[in-house]
>>> print(open('work.txt').read())   # compact mmCIF, C-alpha atoms
# COMPACT_ATOMS: atom_id res chain seq x y z
CA MET A 1 -6.85 -11.83 -5.81
CA ASP A 2 -4.05 -14.37 -5.84
CA ASP A 3 -6.04 -17.13 -7.49
CA THR A 4 -4.61 -16.78 -10.96
CA LEU A 5 -2.25 -19.73 -10.60
CA ASP A 6 -5.26 -21.97 -10.05
CA ARG A 7 -6.51 -21.29 -13.56
CA ASP A 8 -6.64 -24.10 -16.10
CA ASP A 9 -4.20 -22.21 -18.33
CA ALA A 10 -1.70 -21.92 -15.49
CA PRO A 11 1.89 -23.02 -16.11
CA LEU A 12 2.61 -26.64 -16.75
CA ARG A 13 3.13 -28.87 -13.75
CA ALA A 14 6.66 -28.23 -12.59
CA GLU A 15 9.00 -30.32 -10.58
CA PHE A 16 7.64 -31.27 -7.23
CA ASP A 17 10.00 -29.34 -4.96
CA ALA A 18 10.42 -29.51 -1.20
CA ASP A 19 8.51 -26.24 -0.75
CA SER A 20 5.54 -27.60 -2.65
CA ALA A 21 5.57 -30.61 -0.33
CA LEU A 22 5.49 -28.24 2.65
CA MET A 23 2.68 -26.29 1.04
CA LEU A 24 0.63 -29.46 0.64
CA ARG A 25 1.12 -30.09 4.35
CA VAL A 26 -0.05 -26.53 5.03
CA ARG A 27 -3.09 -27.25 2.88
CA ALA A 28 -3.79 -30.25 5.10
CA GLY A 29 -3.72 -27.93 8.14
CA ASP A 30 -0.17 -28.55 9.39
CA GLU A 31 0.87 -25.36 11.21
CA LYS A 32 4.44 -26.58 11.69
CA ALA A 33 4.78 -26.81 7.92
CA LEU A 34 3.67 -23.18 7.68
CA ALA A 35 6.35 -22.13 10.19
CA GLU A 36 8.94 -24.13 8.27
CA LEU A 37 7.92 -22.53 5.00
CA ILE A 38 8.15 -19.06 6.54
CA ASP A 39 11.59 -19.86 7.95
CA ARG A 40 12.83 -20.96 4.55
CA TRP A 41 11.56 -17.96 2.64
CA LYS A 42 11.44 -15.02 5.06
CA THR A 43 14.95 -13.72 4.29
CA PRO A 44 14.66 -13.80 0.47
CA LEU A 45 11.18 -12.31 0.63
CA ILE A 46 12.01 -9.49 3.05
CA ASN A 47 15.07 -8.59 0.99
CA PHE A 48 13.03 -8.60 -2.21
CA PHE A 49 10.61 -6.10 -0.67
CA TYR A 50 13.42 -4.13 0.95
CA ARG A 51 15.18 -3.59 -2.38
CA SER A 52 11.89 -2.63 -4.02
CA LEU A 53 10.67 -0.23 -1.33
CA ALA A 54 13.86 0.79 0.53
CA SER A 55 12.02 0.47 3.82
CA TYR A 56 12.70 -2.29 6.31
CA SER A 57 9.44 -1.97 8.24
CA GLN A 58 7.35 -2.04 5.06
CA ALA A 59 9.39 -4.94 3.74
CA GLU A 60 8.67 -6.98 6.84
CA ASP A 61 5.01 -5.99 6.81
CA LEU A 62 4.53 -7.00 3.18
CA ALA A 63 6.45 -10.24 3.71
CA GLN A 64 4.02 -11.07 6.52
CA MET A 65 1.04 -10.25 4.31
CA THR A 66 2.44 -12.50 1.58
CA PHE A 67 2.63 -15.46 3.95
CA VAL A 68 -0.86 -14.73 5.28
CA ARG A 69 -2.22 -14.75 1.73
CA ILE A 70 -0.34 -17.93 0.93
CA TYR A 71 -1.89 -19.52 4.00
CA ARG A 72 -5.38 -18.30 3.15
CA SER A 73 -5.16 -19.66 -0.39
CA ALA A 74 -3.60 -22.96 0.74
CA PRO A 75 -6.89 -24.91 0.41
CA ARG A 76 -6.82 -24.15 -3.33
CA TYR A 77 -3.09 -24.74 -3.80
CA GLU A 78 -1.98 -27.11 -6.56
CA PRO A 79 1.75 -27.56 -7.25
CA ARG A 80 1.63 -26.52 -10.89
CA ALA A 81 4.80 -24.45 -10.81
CA LYS A 82 7.79 -24.13 -8.51
CA PHE A 83 6.75 -22.77 -5.13
CA SER A 84 9.06 -19.75 -5.52
CA THR A 85 7.16 -18.76 -8.68
CA TYR A 86 3.89 -18.87 -6.76
CA LEU A 87 5.34 -17.04 -3.76
CA PHE A 88 6.77 -14.16 -5.78
CA HIS A 89 3.63 -13.96 -7.87
CA VAL A 90 1.69 -13.21 -4.69
CA ALA A 91 4.47 -10.93 -3.42
CA ARG A 92 4.47 -8.90 -6.62
CA ARG A 93 0.73 -8.30 -6.41
CA LEU A 94 1.17 -6.91 -2.92
CA LEU A 95 4.10 -4.80 -4.13
CA ILE A 96 2.02 -3.32 -6.95
CA ASN A 97 -0.75 -2.52 -4.44
CA GLU A 98 1.84 -0.81 -2.27
CA TYR A 99 3.10 1.28 -5.20
CA ARG A 100 -0.49 2.33 -5.95
CA HIS A 101 -0.97 3.23 -2.31
CA ARG A 102 2.22 5.31 -2.40
CA GLN A 103 1.04 7.12 -5.51
CA ARG A 104 -2.16 8.09 -3.72
CA LYS A 105 -0.25 9.14 -0.60
CA PRO A 106 3.18 10.23 -1.79
CA LEU A 107 4.14 11.98 1.43
CA GLU A 108 5.19 9.63 4.14
CA THR A 109 7.18 9.82 7.28
CA VAL A 110 10.36 7.85 7.62
CA ASP A 111 10.11 4.94 9.99
CA PRO A 112 12.59 5.20 12.86
CA ALA A 113 13.54 1.57 12.19
CA ASP A 114 14.86 2.67 8.81
CA LEU A 115 16.99 5.42 10.24
CA GLN A 116 20.12 3.57 11.18
CA ALA A 117 22.73 5.88 12.58
CA VAL A 118 25.76 5.74 10.36
CA SER A 119 28.81 5.62 12.48
CA GLY A 120 32.03 3.71 12.57
CA SER A 121 34.74 3.41 9.98
CA GLU A 122 35.10 5.23 6.70
CA GLU A 123 34.50 1.94 4.91
CA THR A 124 31.15 1.46 6.70
CA ARG A 125 30.10 4.97 5.71
CA ASN A 126 31.08 4.35 2.08
CA LEU A 127 29.13 1.10 2.05
CA SER A 128 26.09 2.87 3.49
CA GLU A 129 26.35 5.53 0.81
CA ILE A 130 26.54 2.89 -1.91
CA GLU A 131 23.59 1.03 -0.36
CA GLU A 132 21.55 4.21 -0.21
CA ALA A 133 22.40 5.19 -3.77
CA PHE A 134 21.68 1.67 -4.95
CA ASN A 135 18.28 1.59 -3.25
CA GLN A 136 17.47 4.95 -4.76
CA ALA A 137 18.56 3.81 -8.23
CA ILE A 138 16.38 0.69 -7.92
CA GLY A 139 13.54 2.91 -6.75
CA ASN A 140 13.89 5.02 -9.90
CA LEU A 141 13.34 2.00 -12.14
CA PRO A 142 9.87 1.18 -13.44
CA GLU A 143 8.30 -1.56 -11.30
CA LYS A 144 8.49 -4.19 -14.04
CA HIS A 145 12.17 -3.53 -14.71
CA ALA A 146 13.15 -3.59 -11.03
CA THR A 147 11.10 -6.70 -10.24
CA ALA A 148 12.42 -8.63 -13.23
CA LEU A 149 16.03 -7.76 -12.37
CA LEU A 150 15.60 -8.62 -8.69
CA LEU A 151 13.93 -11.92 -9.48
CA LEU A 152 16.75 -12.82 -11.86
CA LYS A 153 19.74 -11.72 -9.81
CA GLN A 154 18.56 -11.70 -6.21
CA GLN A 155 16.19 -14.68 -6.30
CA GLU A 156 17.95 -16.56 -9.12
CA LEU A 157 14.75 -17.34 -10.99
CA SER A 158 15.03 -18.27 -14.66
CA TYR A 159 13.79 -15.99 -17.45
CA GLU A 160 10.96 -18.46 -18.07
CA GLU A 161 9.89 -18.43 -14.43
CA ILE A 162 9.98 -14.64 -14.33
CA ALA A 163 7.96 -14.42 -17.55
CA ASN A 164 5.50 -16.88 -16.10
CA LEU A 165 4.92 -15.07 -12.82
CA MET A 166 4.86 -11.62 -14.44
CA ASP A 167 2.43 -12.72 -17.17
CA ALA A 168 4.84 -11.63 -19.90
CA SER A 169 6.92 -13.12 -22.69
CA VAL A 170 10.54 -14.13 -22.15
CA GLY A 171 11.55 -11.52 -24.74
CA ALA A 172 9.79 -8.76 -22.78
CA VAL A 173 11.50 -9.85 -19.55
CA LYS A 174 14.92 -9.78 -21.25
CA THR A 175 14.22 -6.29 -22.55
CA TRP A 176 13.16 -5.04 -19.09
CA ILE A 177 16.31 -6.50 -17.53
CA PHE A 178 18.54 -5.00 -20.23
CA ARG A 179 16.98 -1.57 -19.70
CA ALA A 180 17.17 -1.87 -15.94
CA ARG A 181 20.86 -2.68 -16.14
CA ALA A 182 21.53 0.21 -18.51
CA GLN A 183 19.77 2.65 -16.18
CA LEU A 184 21.55 1.33 -13.10
CA ARG A 185 24.91 1.59 -14.88
CA GLU A 186 24.14 5.14 -15.82
CA GLU A 187 23.04 6.16 -12.34
CA LEU A 188 25.71 4.30 -10.41
CA GLY A 189 28.59 4.52 -12.90
CA GLY A 190 30.56 7.06 -10.90
CA LEU A 191 29.95 5.41 -7.56
CA LEU A 192 30.90 1.78 -8.13
CA MET B 1 72.00 33.57 -43.52
CA LYS B 2 69.31 35.44 -41.78
CA LYS B 3 66.03 33.57 -41.34
CA ARG B 4 62.97 35.26 -42.80
CA THR B 5 60.33 36.24 -40.29
CA LEU B 6 56.93 34.78 -41.15
CA SER B 7 54.00 37.08 -41.46
CA ALA B 8 51.02 36.56 -39.21
CA ARG B 9 49.08 35.08 -42.11
CA GLU B 10 51.84 32.63 -42.94
CA LEU B 11 52.14 31.64 -39.30
CA ASP B 12 48.42 30.85 -39.09
CA ALA B 13 48.58 28.78 -42.24
CA LYS B 14 51.51 26.83 -40.84
CA ILE B 15 49.71 26.16 -37.56
CA ASP B 16 46.59 25.05 -39.44
CA ALA B 17 48.68 22.67 -41.53
CA LEU B 18 50.28 21.19 -38.43
CA LEU B 19 46.92 20.80 -36.72
CA ALA B 20 45.39 19.11 -39.73
CA ALA B 21 48.27 16.69 -40.25
CA SER B 22 47.82 13.16 -38.85
CA SER B 23 51.31 12.79 -37.54
CA VAL B 24 50.56 9.59 -35.65
CA LYS B 25 48.42 6.71 -36.75
CA PRO B 26 46.36 4.60 -34.35
CA SER B 27 47.50 1.05 -33.86
CA ALA B 28 45.86 -1.65 -35.89
CA HIS B 29 43.94 -2.87 -32.81
CA PHE B 30 42.86 0.55 -31.64
CA THR B 31 39.13 0.06 -32.34
CA SER B 32 38.89 -3.43 -30.92
CA ASP B 33 40.99 -2.41 -27.90
CA THR B 34 38.70 0.53 -27.24
CA ILE B 35 35.59 -1.61 -27.50
CA ALA B 36 37.13 -4.21 -25.19
CA ARG B 37 38.00 -1.51 -22.70
CA ALA B 38 34.50 -0.06 -22.79
CA ARG B 39 33.12 -3.56 -22.36
CA ALA B 40 35.43 -4.17 -19.41
CA PHE B 41 34.05 -1.02 -17.77
CA HIS B 42 30.52 -2.31 -18.35
CA GLU B 43 31.44 -5.73 -17.03
CA ALA B 44 32.99 -4.21 -13.93
CA ASP B 45 29.82 -2.15 -13.38
CA ASP B 46 27.64 -5.19 -14.02
CA ALA B 47 29.64 -7.30 -11.59
CA ALA B 48 29.31 -4.64 -8.89
CA ILE B 49 25.58 -4.26 -9.56
CA ASP B 50 25.11 -8.04 -9.51
CA ALA B 51 26.93 -8.27 -6.19
CA LEU B 52 24.64 -5.63 -4.72
CA LEU B 53 21.56 -7.30 -6.15
CA ALA B 54 22.50 -10.74 -4.88
CA ALA B 55 23.23 -9.52 -1.36
CA TYR B 56 20.65 -9.80 1.41
CA PRO B 57 21.29 -6.57 3.31
CA VAL B 58 18.53 -7.03 5.89
CA LYS B 59 17.60 -9.87 8.20
CA PRO B 60 14.13 -10.69 9.49
CA SER B 61 13.50 -9.88 13.13
CA ALA B 62 13.95 -12.75 15.57
CA ASP B 63 10.24 -13.42 16.14
CA PHE B 64 9.12 -12.89 12.55
CA THR B 65 8.03 -16.51 12.01
CA ARG B 66 6.09 -16.70 15.28
CA ARG B 67 4.30 -13.39 14.65
CA THR B 68 3.45 -14.32 11.07
CA VAL B 69 2.04 -17.74 11.98
CA ALA B 70 -0.06 -16.12 14.72
CA LEU B 71 -1.33 -13.47 12.31
CA ALA B 72 -2.18 -16.02 9.63
CA LEU B 73 -4.10 -18.22 12.08
CA ARG B 74 -5.98 -15.29 13.59
CA ARG B 75 -7.00 -13.91 10.22
CA ILE B 76 -8.13 -17.28 8.94
CA SER B 77 -10.24 -17.89 12.05
CA ILE B 78 -12.01 -14.51 11.93
CA VAL B 79 -12.71 -14.88 8.22
CA THR B 80 -13.95 -18.44 8.50
CA PHE B 81 -16.11 -17.49 11.49
CA LEU B 82 -17.72 -14.33 10.14
CA ARG B 83 -18.03 -14.96 6.41
CA PRO B 84 -20.51 -17.89 6.66
CA ALA B 85 -22.42 -16.01 9.36
CA LEU B 86 -22.88 -13.00 7.07
CA ALA B 87 -23.78 -15.21 4.12
CA ALA B 88 -26.39 -17.02 6.22
CA ALA B 89 -27.84 -13.73 7.48
CA ALA B 90 -28.12 -12.47 3.90
CA SER B 91 -29.91 -15.65 2.79
CA VAL B 92 -32.37 -15.49 5.68
CA ALA B 93 -33.09 -11.80 5.02
CA LEU B 94 -33.75 -12.47 1.35
CA CYS B 95 -36.02 -15.43 2.12
CA LEU B 96 -38.01 -13.46 4.69
CA GLY B 97 -38.31 -10.55 2.29
CA GLY B 98 -39.50 -12.88 -0.45
CA ILE B 99 -42.14 -14.48 1.81
CA ARG B 100 -43.42 -11.09 2.93
CA VAL B 101 -43.73 -9.89 -0.64
CA TRP B 102 -45.54 -13.11 -1.60
CA GLU B 103 -48.00 -12.83 1.29
CA SER B 104 -48.69 -9.13 0.83
CA PRO B 105 -52.35 -7.82 0.39
CA ARG B 106 -54.13 -8.63 -2.87
CA GLU B 107 -55.49 -5.13 -3.47
CA PRO B 108 -53.30 -3.44 -6.06
CA GLU B 109 -52.68 -0.20 -4.16
CA ALA B 110 -52.05 -1.90 -0.83
CA ALA B 111 -49.84 -4.45 -2.57
CA MET B 112 -47.80 -1.67 -4.20
CA VAL B 113 -47.32 0.06 -0.87
CA ALA B 114 -46.37 -3.17 0.91
CA GLN B 115 -43.99 -4.19 -1.86
CA SER B 116 -42.27 -0.84 -1.89
CA SER B 117 -41.80 -0.91 1.89
CA ASP B 118 -40.50 -4.48 1.67
CA MET B 119 -38.11 -3.44 -1.06
CA GLU B 120 -36.91 -0.55 1.08
CA GLU B 121 -36.30 -2.96 3.93
CA LEU B 122 -34.44 -5.32 1.64
CA MET B 123 -32.35 -2.48 0.25
CA ALA B 124 -31.54 -1.34 3.79
CA LEU B 125 -30.49 -4.89 4.68
CA ALA B 126 -28.35 -5.17 1.58
CA ARG B 127 -26.73 -1.81 2.37
CA SER B 128 -25.91 -2.83 5.91
CA LEU B 129 -24.43 -6.12 4.65
CA ASP B 130 -22.36 -4.19 2.12
CA GLU B 131 -21.11 -1.94 4.88
CA ALA B 132 -20.22 -4.95 7.01
CA ALA B 133 -18.25 -6.69 4.24
CA PRO B 134 -15.10 -4.48 4.42
CA LEU B 135 -14.80 -5.41 8.08
CA LEU B 136 -13.50 -8.77 6.95
CA GLU B 137 -10.47 -7.29 5.22
CA GLY B 138 -7.21 -5.70 6.30
CA LYS B 139 -6.58 -4.37 9.76
CA ASN B 140 -10.30 -4.41 10.54
CA ALA B 141 -10.13 -8.18 10.70
CA GLU B 142 -7.55 -7.87 13.45
CA MET B 143 -9.72 -5.33 15.25
CA LEU B 144 -12.75 -7.62 14.98
CA ALA B 145 -10.67 -10.53 16.24
CA SER B 146 -9.70 -8.57 19.31
CA LEU B 147 -13.33 -7.49 19.84
CA VAL B 148 -14.48 -11.11 19.60
CA ASP B 149 -11.71 -12.11 22.03
CA HIS B 150 -12.84 -9.44 24.49
CA SER B 151 -16.48 -10.41 24.24
CA ARG B 152 -15.70 -14.04 25.21
>>> encode(input="work.txt", output="C-alpha cells")
Amino acid sequence: MDDTLDRDDAPLRAEFDADSALMLRVRAGDEKALAELIDRWKTPLINFFYRSLASYSQAEDLAQMTFVRIYRSAPRYEPRAKFSTYLFHVARRLLINEYRHRQRKPLETVDPADLQAVSGSEETRNLSEIEEAFNQAIGNLPEKHATALLLLKQQELSYEEIANLMDASVGAVKTWIFRARAQLREELGGLL
Amino acid sequence: MKKRTLSARELDAKIDALLAASSVKPSAHFTSDTIARARAFHEADDAAIDALLAAYPVKPSADFTRRTVALALRRISIVTFLRPALAAAASVALCLGGIRVWESPREPEAAMVAQSSDMEELMALARSLDEAAPLLEGKNAEMLASLVDHSR
C-alpha cells in the first residue's frame, strides 16, 4: 500500500510547494487539478520508469498506475514532504512490484512500440547504440542503486529526499550512488 | 686494435644490466599527473553518464493526460460503488447467520446439527466474498466497470 507517508513518523512537514497545493485541490475533488498535476509530472515520471525498465509501453503504463494510486489516496493526503518525494515513493513501489513480476515471468515479448527502426545518419545510429547500452547498463544495476542514481541525477532530488523516500540513511544512499557510478563507468567506459 | 667478441654469457649479462638500469627518472610530478589524468578520465565518464541520466529520451503520448484522468475516475467510481456494497452484504450475512444460530432448536443434537449447517453456510458466504474481493483490483476493476456500463 502507499499509505506509509501518512504515518505519524513520516518526514517533517516540508515546504508547501505548488504541487502540494494542486494535490490538496485533487483531495477536494477538483479533476482539473488532477489533469494539471499529471501534465506537470508525466514526462519526468515516464522517463524515470523508462530508464528503469527500458520499455516505453511499460513506462507509460506504470506512470498511469502511479497517478491512479495518487488519486485514490488523495483523500488521505497531507503535505508532509515535497510532492515529488511522495510521487516517487509511490512510483518506486510500483517499480519494485514490476521487478518481482518480471522475476516470476522472465520471458517476455518485446513490445512493437519499443522497436524503433534505426535508420538515418551514422550519428543517429551511434546515439541509439549508446542509448541501448546505457539502458542495459542501468538494467544491470541493483534496483536500489539504479533508483537512487536516477532520483539524484534525473529527478534532481537531494540525498535527504532520496533517503526519505527509500526508507534508508543518507550514508546508504551515497554508497549506492557511488557503487552505481562505478559500475556504469566500468560497463560504459569504452563506449563514452 | 681488434675488438674482443663477447661470449654469449657475457652478452646476456650486459643485456640484463641494461634492462635493470633506470636510465631515465620520472618527473617530480609524475604521480600527481597520473592521478590527475586518471581523475580526468573518470570526470569525463561521469559527465557523459550524468548527461545521459539527466536526459528525457521519451515523451508521453499526446493523450496521456486525458487517458489517465479517465482511468483514475473510472477506477475510483467502481471501487467506491462496489466496496461498500460488499461490506454491507458481508454484515447482513453475518447478522442473519448469528440470528439463525441464536434461534436454533434447544435440543443438543438438533442444535449441533443446525449450528454446523449454519456454520457451513457462513463459511460458504465468507468464501464467496473472498473470491469476489480480487475483482476490485487491477484490470478486473476495468472489466467490472465495463460490465456495469453495459448493464445500465
>>> interface_residues(input="work.txt", of="chain A", to="chain B", cutoff="7 Å", atoms="all atoms listed in the file", output="ChimeraX atom specification")
/A:35,38-39,42-43,46-47,64,68,71-72,150,153-154,185,189,192
>>> closest_residue(input="work.txt", among="A:Ile96, A:Met166, A:Glu131, A:Ile177", to="Ala146 of chain A", atoms="all atoms listed in the file")
A:Ile177
>>> atom_distance(input="work.txt", atom1="atom CA of Gln136 of chain A", atom2="atom CA of Ile162 of chain A")
23.1 Å
>>> residues_around(input="work.txt", residues="segment 85-88 of chain A", least_positions_apart="3", cutoff="10 Å", atoms="all atoms listed in the file", output="PDB file with C-alpha atoms, in the coordinates of the input")
ATOM      1  CA  ASP A   2      -4.050 -14.370  -5.840  1.00  0.00           C
ATOM      2  CA  THR A   4      -4.610 -16.780 -10.960  1.00  0.00           C
ATOM      3  CA  LEU A   5      -2.250 -19.730 -10.600  1.00  0.00           C
ATOM      4  CA  SER A  20       5.540 -27.600  -2.650  1.00  0.00           C
ATOM      5  CA  TRP A  41      11.560 -17.960   2.640  1.00  0.00           C
ATOM      6  CA  LEU A  45      11.180 -12.310   0.630  1.00  0.00           C
ATOM      7  CA  PHE A  48      13.030  -8.600  -2.210  1.00  0.00           C
ATOM      8  CA  THR A  66       2.440 -12.500   1.580  1.00  0.00           C
ATOM      9  CA  PHE A  67       2.630 -15.460   3.950  1.00  0.00           C
ATOM     10  CA  ARG A  69      -2.220 -14.750   1.730  1.00  0.00           C
ATOM     11  CA  ILE A  70      -0.340 -17.930   0.930  1.00  0.00           C
ATOM     12  CA  TYR A  77      -3.090 -24.740  -3.800  1.00  0.00           C
ATOM     13  CA  PRO A  79       1.750 -27.560  -7.250  1.00  0.00           C
ATOM     14  CA  ARG A  80       1.630 -26.520 -10.890  1.00  0.00           C
ATOM     15  CA  ALA A  81       4.800 -24.450 -10.810  1.00  0.00           C
ATOM     16  CA  LYS A  82       7.790 -24.130  -8.510  1.00  0.00           C
ATOM     17  CA  ALA A  91       4.470 -10.930  -3.420  1.00  0.00           C
ATOM     18  CA  ARG A  92       4.470  -8.900  -6.620  1.00  0.00           C
ATOM     19  CA  ARG A  93       0.730  -8.300  -6.410  1.00  0.00           C
ATOM     20  CA  LEU A  94       1.170  -6.910  -2.920  1.00  0.00           C
ATOM     21  CA  LEU A  95       4.100  -4.800  -4.130  1.00  0.00           C
ATOM     22  CA  THR A 147      11.100  -6.700 -10.240  1.00  0.00           C
ATOM     23  CA  LEU A 151      13.930 -11.920  -9.480  1.00  0.00           C
ATOM     24  CA  GLN A 155      16.190 -14.680  -6.300  1.00  0.00           C
ATOM     25  CA  LEU A 157      14.750 -17.340 -10.990  1.00  0.00           C
ATOM     26  CA  SER A 158      15.030 -18.270 -14.660  1.00  0.00           C
ATOM     27  CA  GLU A 161       9.890 -18.430 -14.430  1.00  0.00           C
ATOM     28  CA  ILE A 162       9.980 -14.640 -14.330  1.00  0.00           C
ATOM     29  CA  ALA A 163       7.960 -14.420 -17.550  1.00  0.00           C
ATOM     30  CA  ASN A 164       5.500 -16.880 -16.100  1.00  0.00           C
ATOM     31  CA  LEU A 165       4.920 -15.070 -12.820  1.00  0.00           C
ATOM     32  CA  MET A 166       4.860 -11.620 -14.440  1.00  0.00           C
TER      33      MET A 166
END
>>> build_atoms(input="work.txt", residues="segment 15-24 of chain A", atoms="all heavy atoms", output="PDB file, in the frame of the given file")
ATOM      1  N   GLU A  15       8.431 -29.322 -11.469  1.00  0.00           N
ATOM      2  CA  GLU A  15       9.000 -30.320 -10.580  1.00  0.00           C
ATOM      3  C   GLU A  15       8.386 -30.175  -9.187  1.00  0.00           C
ATOM      4  O   GLU A  15       8.037 -29.089  -8.762  1.00  0.00           O
ATOM      5  CB  GLU A  15      10.511 -30.139 -10.501  1.00  0.00           C
ATOM      6  CG  GLU A  15      10.891 -28.872  -9.779  1.00  0.00           C
ATOM      7  CD  GLU A  15      12.200 -28.305 -10.257  1.00  0.00           C
ATOM      8  OE1 GLU A  15      12.270 -27.934 -11.430  1.00  0.00           O
ATOM      9  OE2 GLU A  15      13.117 -28.222  -9.451  1.00  0.00           O
ATOM     10  N   PHE A  16       8.278 -31.275  -8.534  1.00  0.00           N
ATOM     11  CA  PHE A  16       7.640 -31.270  -7.230  1.00  0.00           C
ATOM     12  C   PHE A  16       8.717 -30.972  -6.197  1.00  0.00           C
ATOM     13  O   PHE A  16       9.427 -31.856  -5.743  1.00  0.00           O
ATOM     14  CB  PHE A  16       7.002 -32.650  -7.007  1.00  0.00           C
ATOM     15  CG  PHE A  16       6.137 -32.702  -5.808  1.00  0.00           C
ATOM     16  CD1 PHE A  16       4.897 -32.108  -5.810  1.00  0.00           C
ATOM     17  CD2 PHE A  16       6.561 -33.336  -4.662  1.00  0.00           C
ATOM     18  CE1 PHE A  16       4.085 -32.162  -4.701  1.00  0.00           C
ATOM     19  CE2 PHE A  16       5.761 -33.407  -3.544  1.00  0.00           C
ATOM     20  CZ  PHE A  16       4.524 -32.807  -3.561  1.00  0.00           C
ATOM     21  N   ASP A  17       8.890 -29.704  -5.852  1.00  0.00           N
ATOM     22  CA  ASP A  17      10.000 -29.340  -4.960  1.00  0.00           C
ATOM     23  C   ASP A  17       9.603 -29.464  -3.486  1.00  0.00           C
ATOM     24  O   ASP A  17       8.435 -29.669  -3.143  1.00  0.00           O
ATOM     25  CB  ASP A  17      10.500 -27.925  -5.290  1.00  0.00           C
ATOM     26  CG  ASP A  17       9.408 -26.889  -5.249  1.00  0.00           C
ATOM     27  OD1 ASP A  17       8.217 -27.230  -5.335  1.00  0.00           O
ATOM     28  OD2 ASP A  17       9.742 -25.718  -5.118  1.00  0.00           O
ATOM     29  N   ALA A  18      10.621 -29.326  -2.645  1.00  0.00           N
ATOM     30  CA  ALA A  18      10.420 -29.510  -1.200  1.00  0.00           C
ATOM     31  C   ALA A  18       9.409 -28.502  -0.663  1.00  0.00           C
ATOM     32  O   ALA A  18       8.604 -28.825   0.224  1.00  0.00           O
ATOM     33  CB  ALA A  18      11.745 -29.351  -0.484  1.00  0.00           C
ATOM     34  N   ASP A  19       9.441 -27.282  -1.217  1.00  0.00           N
ATOM     35  CA  ASP A  19       8.510 -26.240  -0.750  1.00  0.00           C
ATOM     36  C   ASP A  19       7.067 -26.601  -1.092  1.00  0.00           C
ATOM     37  O   ASP A  19       6.160 -26.345  -0.310  1.00  0.00           O
ATOM     38  CB  ASP A  19       8.880 -24.897  -1.367  1.00  0.00           C
ATOM     39  CG  ASP A  19      10.266 -24.479  -0.958  1.00  0.00           C
ATOM     40  OD1 ASP A  19      10.525 -24.401   0.257  1.00  0.00           O
ATOM     41  OD2 ASP A  19      11.100 -24.243  -1.839  1.00  0.00           O
ATOM     42  N   SER A  20       6.899 -27.196  -2.272  1.00  0.00           N
ATOM     43  CA  SER A  20       5.540 -27.600  -2.650  1.00  0.00           C
ATOM     44  C   SER A  20       5.040 -28.678  -1.695  1.00  0.00           C
ATOM     45  O   SER A  20       3.857 -28.703  -1.340  1.00  0.00           O
ATOM     46  CB  SER A  20       5.530 -28.129  -4.080  1.00  0.00           C
ATOM     47  OG  SER A  20       5.958 -27.121  -4.953  1.00  0.00           O
ATOM     48  N   ALA A  21       5.948 -29.563  -1.287  1.00  0.00           N
ATOM     49  CA  ALA A  21       5.570 -30.610  -0.330  1.00  0.00           C
ATOM     50  C   ALA A  21       5.122 -29.974   0.984  1.00  0.00           C
ATOM     51  O   ALA A  21       4.107 -30.381   1.575  1.00  0.00           O
ATOM     52  CB  ALA A  21       6.752 -31.536  -0.091  1.00  0.00           C
ATOM     53  N   LEU A  22       5.869 -28.950   1.422  1.00  0.00           N
ATOM     54  CA  LEU A  22       5.490 -28.240   2.650  1.00  0.00           C
ATOM     55  C   LEU A  22       4.123 -27.577   2.472  1.00  0.00           C
ATOM     56  O   LEU A  22       3.283 -27.598   3.369  1.00  0.00           O
ATOM     57  CB  LEU A  22       6.535 -27.166   2.981  1.00  0.00           C
ATOM     58  CG  LEU A  22       7.795 -27.642   3.703  1.00  0.00           C
ATOM     59  CD1 LEU A  22       8.802 -26.509   3.789  1.00  0.00           C
ATOM     60  CD2 LEU A  22       7.454 -28.130   5.108  1.00  0.00           C
ATOM     61  N   MET A  23       3.933 -27.002   1.301  1.00  0.00           N
ATOM     62  CA  MET A  23       2.680 -26.290   1.040  1.00  0.00           C
ATOM     63  C   MET A  23       1.488 -27.259   1.061  1.00  0.00           C
ATOM     64  O   MET A  23       0.403 -26.894   1.527  1.00  0.00           O
ATOM     65  CB  MET A  23       2.827 -25.615  -0.323  1.00  0.00           C
ATOM     66  CG  MET A  23       1.846 -24.521  -0.607  1.00  0.00           C
ATOM     67  SD  MET A  23       1.784 -23.262   0.648  1.00  0.00           S
ATOM     68  CE  MET A  23       0.222 -22.519   0.242  1.00  0.00           C
ATOM     69  N   LEU A  24       1.718 -28.462   0.589  1.00  0.00           N
ATOM     70  CA  LEU A  24       0.630 -29.460   0.640  1.00  0.00           C
ATOM     71  C   LEU A  24       0.318 -29.843   2.081  1.00  0.00           C
ATOM     72  O   LEU A  24      -0.841 -30.107   2.418  1.00  0.00           O
ATOM     73  CB  LEU A  24       1.017 -30.701  -0.185  1.00  0.00           C
ATOM     74  CG  LEU A  24       1.038 -30.471  -1.701  1.00  0.00           C
ATOM     75  CD1 LEU A  24       1.488 -31.725  -2.438  1.00  0.00           C
ATOM     76  CD2 LEU A  24      -0.331 -30.020  -2.213  1.00  0.00           C
TER      77      LEU A  24
END
